[in-house]
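**Student:** Following this message is one structure expressed as structure tokens.
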Amino acid sequence: MASAQDGDQEAYRVLLHEITPYLRAIARRYLGSGDGVEDAVQDILLTVHGIRHTYDRGRPFKPWLSTIASRRLIDLLRGRSRRLRHEVENLDAESIFDSYVIEPSDQQPDHVVARAQEVREMRRAVEGLSARQREAVVLLRFQELTLSEAALISKQSIGALKVACHRALKSLESIVRRDPEP
Amino acid sequence: MSDTRHLIDQLAARATRVRPLPPPSRRAVRWLAFVVAVIAAMTMVIGPRPDLLEAMSSPATAIEWIASALTGLSAAYAVFQVSVPGHSKRWAWLPIAPLAVWIGGLGLGCLGDWWRMGSQAFVLEAHGADCFAAIVMISLPLILILLLMVRHAGVVRPVPTVLLGVLSAAALSAAGVSLVHRGDTALMVLVWHIGAIALLVLLGALFNRRLFAWIAPSV
């Protein structure tokens with residue numbers, strides 16, 4: 001990095017290539033193995049480039065790099081949490097239901113009537129969930145977040161989330177079970 | 001991944017020579033020299049308070065003043081440490097001891113005033129708000145200049161950097177204002193001086209990221 005600060009472009013290119021696997025590993029630790037990892041690595045590389053003058057030549061390089069990497073990843077996680085939270089807050093029962101309802105494949109009149117009845121009951125059931133139960137179902141089942149991620153976003157404890165999700169699913173399940181199979 | 005390789009090549013091609021940051025101690029000295037110059041100019045323009053020597057001959061007042069100045073000095077040094085990636089975050093604790101002595105001294109001063117003056121010690125007079133306004137007005141440009149010096153911290157440690165920067169500027173401003181503003185009861189000093197610092201620190205805690213985004217949008 002000292003050579004890079006002096007303007008040695010080749011040394012800088014080699015350094016950035018060498019640190020990329022480490023950055024990728026640390027990004028996976030924070031973000032999982034999803035699509036966001038490569039974007040996060042690039043974000044960290046841009047930050048490293050932007051503040052490379054802050055590296056102190058008398059000190060080891062790794063703590064400098066890991067401070068930048070972990071800070072950027074925490075910011076990215078917070079941004080992701082904020083976006084998800086915003087989405088959850090803007091979801092009402094109707095939109096949840098409309099997003100996940102499965103249309104019947106056959107269009108026979110008696111089945112259409114039965115399906116319409118089922119739709120009404122399911123909608124009532126979703127509307128009947130408390131805000132916390134609805135949030136728990138959306139985060140854990142629809143967004144498929146881990147318990148700790150969902151707890152961070154919803155500001156509920158892991159235990160409270162488990163209970164809310166369990167009760168919500170019980171409530172929805174009882175509606176589905178009442179529907180006799182043709 | 002090919003995008004990342006391409007990005008690395010682009011960054012390397014743009015890697016011009018950069019001047020490494022000077023050590024925190026040297027940067028802190030530069031900043032403090034600037035603050036001392038501002039406070040000295042203010043003291044010369046307004047004139048020192050008439051009872052300055054008499055007030056400073058009282059050990060309690062002198063200790064409070066030294067503690068306020070030390071709070072500002074230590075917070076300034078801590079800013080230049082925590083704002084650099086890889087340096088310990090524990091530097092943020094440095095101003096706690098002088099701050100505790102300062103607030104503790106004012107608290108004891110309140111008790112002393114009450115012993116001496118009775119209920120008069122707890123009268124809050126409106127003219128104390130001049131101190132409040134003066135501390136805020138002097139602190140604001142000092143805070144902006146300090147944050148400009150550590151603008152790279154916005155992407156690394158925005159919160160401790162802003163809080164320590166605000167504490168440093170406000171504590172030094174309060175020490176400066178004490179040189180020109182006639183002494184009040186300890187409660188007045190506690191409410192208006194510490195109140196001004198608390199308000200600025202609170203604003204710093206709320207708006208640190210926006211402040212950095214405004215000061216250094218390209219970092």
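The way I read the labels, and the way they are meant: chains A, B, ... in the order of the structure tokens, residue 1 as the first residue of every chain, and ligand 1 as the first ligand shown, with later ones counted on from there.
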Do you have, as a tab-separated table, the list of residues of chain A lying at most 9 Å from chain B, each with its nearest atom pair and that distance in Å to one decimal, counting only C-alpha atoms and ordered by chain then number?

**Tutor:**
residue	atom	partner	partner_atom	distance
A:Ala2	CA	B:Pro20	CA	8.9
A:Ala4	CA	B:Ala15	CA	7.1
A:Gln5	CA	B:Val18	CA	5.2
A:Asp6	CA	B:Arg17	CA	4.7
A:Gly7	CA	B:Arg17	CA	3.9
A:Asp8	CA	B:Ala15	CA	7.5
A:Gln9	CA	B:Ala12	CA	5.1
A:Glu10	CA	B:Ala12	CA	7.0
A:Ala11	CA	B:Ala12	CA	8.5
A:Tyr12	CA	B:Ala12	CA	5.8
A:Arg13	CA	B:Ala12	CA	5.1
A:Val14	CA	B:Ala12	CA	8.9
A:Leu16	CA	B:Ile8	CA	6.4
A:His17	CA	B:Ile8	CA	7.1
A:Thr20	CA	B:Thr4	CA	8.6
A:Glu38	CA	B:Met1	CA	6.8
A:Asp39	CA	B:Thr4	CA	8.5
A:Val41	CA	B:Thr4	CA	7.8
A:Gln42	CA	B:Thr4	CA	6.1
A:Leu45	CA	B:Ile8	CA	7.7
A:Leu46	CA	B:Leu11	CA	7.9
A:Thr47	CA	B:Val219	CA	7.5
A:His49	CA	B:Leu11	CA	7.0
A:Gly50	CA	B:Val219	CA	5.9
A:Ile51	CA	B:His152	CA	6.2
A:Arg52	CA	B:Val18	CA	7.8
A:His53	CA	B:Pro20	CA	4.5
A:Thr54	CA	B:Leu21	CA	5.5
A:Tyr55	CA	B:Pro20	CA	6.8
A:Asp56	CA	B:Pro20	CA	7.0
A:Arg57	CA	B:Pro20	CA	8.2
A:Arg59	CA	B:Gly86	CA	8.4
A:Pro60	CA	B:Gly86	CA	8.4
A:Phe61	CA	B:Gly86	CA	8.2
A:Lys62	CA	B:Gly86	CA	8.0
A:Pro63	CA	B:Gly86	CA	4.7
A:Trp64	CA	B:Gly86	CA	3.9
A:Leu65	CA	B:Gly86	CA	7.4
A:Ser66	CA	B:Gly86	CA	7.7
A:Thr67	CA	B:Pro85	CA	5.6
A:Ile68	CA	B:Val156	CA	5.8
A:Ala69	CA	B:Val156	CA	8.8
A:Ser70	CA	B:Val156	CA	8.9
A:Arg71	CA	B:Val156	CA	5.7
A:Arg72	CA	B:Val155	CA	7.1
A:Asp75	CA	B:Val155	CA	8.8

**Student:** Can you list, as a PyMOL selection string, every protein, DNA or RNA residue that comes within 7 Å of region 92-105 of chain B when you count only C-alpha atoms, leaving out same-chain residues fewer than 4 positions away?

**Tutor:** chain B and resi 64+67-68+70-71+74-75+78+82+109+160

**Student:** Using only C-alpha atoms, find the one residue out of B:Ala205, B:Val191, B:Val162, B:Val180 that sits nearest to Asp51 (chain B).

**Tutor:**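 The answer is B:Val180, which sits nearest to Asp51 (chain B).
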
**Student:** If I take CA of Gly159 (chain A) and CA of Gly36 (chain A), how far is one from the other in Å, to one decimal?

**Tutor:** 28.2 Å

**Student:** Record the distance separating CA of Ala151 (chain A) and CA of Gly128 (chain A), expressed in Å with one decimal.

**Tutor:**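 Distance reported for this atom pair: 22.2 Å.
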
**Student:** Could you please write out, as number ranges by chain, every residue of region 12-169 of chain B that DSSP assigns to alpha helix (DSSP H)?

**Tutor:** B: 12-13, 24-46, 52-56, 59-82, 96-117, 128-149, 158-169

**Student:** Extract, using only C-alpha atoms, all DNA, RNA and protein residues at most 10 Å from Ser178 (chain B), discarding same-chain residues fewer than 5 positions from it, and format them as a VMD selection string.

**Tutor:** chain B and resid 43 48 to 49 52 65 68 131 135 172 to 173 183 to 184 189 193

**Student:** Can those selected residues be exported to a file as a PDB file, in the first residue's frame so that it contains C-alpha atoms?

**Tutor:**
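Wrote part_25.pdb, looks like this:
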ATOM      1  CA  THR B  43     -10.653  37.702  23.869  1.00  0.00           C
ATOM      2  CA  PRO B  48     -11.123  39.693  29.107  1.00  0.00           C
ATOM      3  CA  ARG B  49     -13.628  39.752  31.936  1.00  0.00           C
ATOM      4  CA  LEU B  52     -10.485  37.064  35.402  1.00  0.00           C
ATOM      5  CA  TRP B  65     -11.519  25.892  33.555  1.00  0.00           C
ATOM      6  CA  SER B  68     -12.974  22.229  30.290  1.00  0.00           C
ATOM      7  CA  CYS B 131     -23.072  32.362  26.954  1.00  0.00           C
ATOM      8  CA  ILE B 135     -20.645  28.884  22.622  1.00  0.00           C
ATOM      9  CA  LEU B 172     -12.871  24.750  23.875  1.00  0.00           C
ATOM     10  CA  SER B 173     -15.459  27.392  22.965  1.00  0.00           C
ATOM     11  CA  GLY B 183     -18.751  34.660  36.248  1.00  0.00           C
ATOM     12  CA  ASP B 184     -22.179  33.374  37.171  1.00  0.00           C
ATOM     13  CA  VAL B 189     -22.556  27.691  34.033  1.00  0.00           C
ATOM     14  CA  HIS B 193     -22.309  25.888  29.094  1.00  0.00           C
TER      15      HIS B 193
END

**Student:** Using CA of Ser3 (chain A) and CA of Glu18 (chain A) as the two end points, give the distance in Å to one decimal.

**Tutor:**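 Going from CA of Ser3 (chain A) over to CA of Glu18 (chain A) covers 14.7 Å.
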
**Student:** For Ala76 (chain B), work out the shell of residues within 8 Å, counting only C-alpha atoms and skipping chain neighbours fewer than 3 positions away, then give it as JSON, numbers by chain.

**Tutor:** {"B": [28, 31, 32, 72, 73, 79, 80, 164, 165, 168, 169]}

**Student:** Mind writing the picked residues with N, CA, C and O atoms as an mmCIF file, in the first residue's frame?

**Tutor:**
data_model
loop_
_atom_site.group_PDB
_atom_site.id
_atom_site.type_symbol
_atom_site.label_atom_id
_atom_site.label_comp_id
_atom_site.auth_asym_id
_atom_site.auth_seq_id
_atom_site.Cartn_x
_atom_site.Cartn_y
_atom_site.Cartn_z
ATOM 1 N N ALA B 28 -3.589 17.230 15.399
ATOM 2 C CA ALA B 28 -4.274 17.798 16.569
ATOM 3 C C ALA B 28 -3.639 19.139 16.943
ATOM 4 O O ALA B 28 -4.343 20.098 17.270
ATOM 5 N N TRP B 31 -4.812 21.857 14.546
ATOM 6 C CA TRP B 31 -6.201 22.235 14.840
ATOM 7 C C TRP B 31 -6.268 23.105 16.103
ATOM 8 O O TRP B 31 -6.926 24.146 16.137
ATOM 9 N N LEU B 32 -5.534 22.679 17.156
ATOM 10 C CA LEU B 32 -5.568 23.418 18.419
ATOM 11 C C LEU B 32 -4.935 24.803 18.257
ATOM 12 O O LEU B 32 -5.413 25.776 18.862
ATOM 13 N N GLY B 72 -11.614 19.617 25.804
ATOM 14 C CA GLY B 72 -11.500 19.985 24.391
ATOM 15 C C GLY B 72 -10.227 19.449 23.751
ATOM 16 O O GLY B 72 -10.257 18.922 22.638
ATOM 17 N N LEU B 73 -9.095 19.552 24.483
ATOM 18 C CA LEU B 73 -7.811 19.084 23.942
ATOM 19 C C LEU B 73 -7.826 17.573 23.721
ATOM 20 O O LEU B 73 -7.440 17.080 22.657
ATOM 21 N N VAL B 79 -10.284 12.583 18.266
ATOM 22 C CA VAL B 79 -10.883 12.669 16.920
ATOM 23 C C VAL B 79 -9.881 12.229 15.870
ATOM 24 O O VAL B 79 -10.189 11.438 14.981
ATOM 25 N N PHE B 80 -8.637 12.729 15.987
ATOM 26 C CA PHE B 80 -7.646 12.418 14.959
ATOM 27 C C PHE B 80 -7.159 10.971 15.056
ATOM 28 O O PHE B 80 -6.556 10.469 14.130
ATOM 29 N N LEU B 164 -16.982 13.312 19.032
ATOM 30 C CA LEU B 164 -15.752 13.829 19.649
ATOM 31 C C LEU B 164 -15.403 15.209 19.092
ATOM 32 O O LEU B 164 -14.957 16.087 19.832
ATOM 33 N N GLY B 165 -15.629 15.402 17.800
ATOM 34 C CA GLY B 165 -15.337 16.698 17.183
ATOM 35 C C GLY B 165 -16.209 17.791 17.774
ATOM 36 O O GLY B 165 -15.731 18.889 18.100
ATOM 37 N N SER B 168 -15.100 18.485 21.340
ATOM 38 C CA SER B 168 -13.853 19.254 21.384
ATOM 39 C C SER B 168 -14.119 20.735 21.100
ATOM 40 O O SER B 168 -13.710 21.609 21.873
ATOM 41 N N ALA B 169 -14.812 20.996 19.992
ATOM 42 C CA ALA B 169 -15.056 22.389 19.600
ATOM 43 C C ALA B 169 -15.879 23.113 20.666
ATOM 44 O O ALA B 169 -15.579 24.260 21.032
#

**Student:** For each of B:Thr185, B:Val29, B:Leu211, B:Trp192, take the minimum atom-to-atom distance to Arg116 (chain B), counting only C-alpha atoms, then give the residue where this is smallest.

**Tutor:**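 Checking each of B:Thr185, B:Val29, B:Leu211, B:Trp192 against Arg116 (chain B), counting only C-alpha atoms, the winner is B:Thr185.
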
**Student:** Name the closest residue to Met44 (chain B) among the candidates B:Leu179, B:Met137, B:Ile215, B:Ile197; distances are taken between atoms, counting only C-alpha atoms.

**Tutor:**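 Ranked by minimum distance to Met44 (chain B), first place goes to B:Leu179.
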
**Student:** I'd like to know which of A:Ala150, A:Val138, A:Leu23, A:Val126 is closest to Ser171 (chain A), using only C-alpha atoms.

**Tutor:**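 Of A:Ala150, A:Val138, A:Leu23, A:Val126, the one nearest Ser171 (chain A), counting only C-alpha atoms, is A:Val126.
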
**Student:** From the options A:Leu140, A:Val48, A:Leu73, A:Leu172, which residue's atoms come nearest to Glu121 (chain A), counting only C-alpha atoms?

**Tutor:**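 Smallest separation from Glu121 (chain A) among the options: A:Leu172.
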
**Student:** With only C-alpha atoms as the basis for distance, which of B:Ala69, B:Leu140, B:Ala216, B:Ala60 is at the shortest distance from Gly107 (chain B)?

**Tutor:**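 Nearest candidate to Gly107 (chain B) out of B:Ala69, B:Leu140, B:Ala216, B:Ala60: B:Ala60.
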